[in-house]
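Undergrad: First, the structure itself, so that you have it in front of you.
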Amino acid sequence: MSTALVLILMAIGSFVTGIVGALTGLGGGIILVPMLVLLFDIHMRYAAGASLVAVIATSSGAAAAFLREGYTNLRVGMFLQLTSIGGGILGAFLLTMVPVPVLMTAFGLILLYSGYLSFRRKEGWDEDRPSDPLAVRLRMEGSFPAPGGWQSYKVYRVIPSFLLMGAAGIVSGLLGIGAGAVNVLAMDQVMRLPYKVSTSTSNFMIGITAAASAGIYLHHGYIDPVLAMPVMLGVFGGAVVGAKLLMFLRAKPLRIFFSVVVLIMALEMIYKGLTQW
Amino acid sequence: MVTIRRMEKLIGYVLLAGVLTSAAIVLFGGALYMWRHGSTPVHYRIFRGEPSDLRSLAGIWKDFTEGSGRGAIQFGLMLLVGIQVIRVALTGVLFLLNRDKVFVVITFLVLAMLSYALFFAGE
């Protein structure tokens, strides 16, 4: 195959990744890395470098749209970013001290269960209770554009989700994957935000978390420009389309789609963990 | 006083402008590369690591100003990373204008950790 054709196919695959990333708030590395490694015969490290670029591009493309339309909760995002990024840095330091395969299997199992909980959740049935007083003090409550006009929502359990994000940040810093999944699950399951707000806010966060690793990736020569070019452009286009799609679709099918992607991600991690054990 | 809605919109537009600029530079560099080296097959099965000029900011800048296609792509990518720092800084400044003390502290802590990881952790 000619180089041009390979790069075009790669851009098409990345476009799909961008759509999925924007719709789920997961960044799309779980699709992109296996695609590059298995279909395009690319070394894992180059794939990881391209995936990092993809996460930043997805986040930027999607967050730009979500911020302008009013889906993102900026305060919740920044607040959780604090432990997410802090945990990530700590995780990178702990890398040599922890049995990664065990951790990966355990994290996969937790994701599996969380994905199931997210699938079952019905929005709006328990939201008569007042918000966490801390959320009120930090003015975290918000509203987002729904079909019938702006819909306000409450925010619960601020401290538990903050601590969860810290623990998850350490784990995803160790494994180099999964930060997006934990973002969405912390906001969806613990803070009980609406699905669209959780995904949009996660999309806002993942680019910042990923950017923190960019220096290390660049320094070690993981980021190849010729490979990153179709990936970046494809993913960015996909993220813009995905963001538009999210605004039109209802929360229920989006939630089912999210659960399916998390399920695949969890199985991938359990498989990887067990085979390296 | 800037309302949170206006803050979100402003950050959204800055992000959009930044990412479009970065995508345009990447596209330009890609076109340049394909025009010159499009017929050379690429192989990524074995990891060799990038040449040293594409691994540091100074090297990327040098390649970019010398009209290298790969240098231009890499420069566009670094711009994309830089925008992430800028958007956190801008959020912090907007919280500052709002005198929203708690979130000023939170945002600047995020900025400090991001800058630390970006510039020092790789060494």
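Please note that chains go A, B, ... in the order of the structure tokens, that every chain numbers its residues from 1, and that ligands are numbered from 1 in the order shown.
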If we count only C-alpha atoms, which residues of chain B reach to within 6 Å of chain A? Please list them as number ranges by chain.

TA: B: 8-9, 12, 15-16, 41, 44-47, 49-50, 55, 70, 73-74, 81, 84, 110, 114, 117-118, 122

Undergrad: Let's see if you can do this: from backbone DSSP, list all helix (DSSP H, G or I) residues in chain B, as a PyMOL selection string.

TA: chain B and resi 4-37+52-54+57-65+69-97+101-119

Undergrad: Between A:Glu123, A:Glu268, A:Asp128, A:Glu141, which has the minimum distance to A:Tyr153 (counting only C-alpha atoms)?

TA: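 Going through A:Glu123, A:Glu268, A:Asp128, A:Glu141 one by one, the smallest distance to A:Tyr153 is for A:Glu141.
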
Undergrad: If I take atom CA of B:Ile83 and atom CA of A:Val171, how far is one from the other in Å, to one decimal?

TA: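 A separation of 26.0 Å between them.
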
Undergrad: Using only C-alpha atoms, which of the listed residues (A:Leu174, A:Ile12, A:Ala181, A:Ala266) sits closest to A:Leu95?

TA: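 Comparing A:Leu174, A:Ile12, A:Ala181, A:Ala266 against A:Leu95, the winner is A:Leu174.
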
Undergrad: Grab the atom CA of A:Val235 to atom CA of A:Ala54 distance for me, in Å with one decimal place.

TA: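 Here the two named atoms are 6.1 Å from each other.
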
Undergrad: As an exercise, work out the distance from atom CA of A:Ala146 to atom CA of A:Ser131 in Å and give it to one decimal place.

TA: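 Spanning atom CA of A:Ala146 to atom CA of A:Ser131 is a straight-line distance of 20.2 Å.
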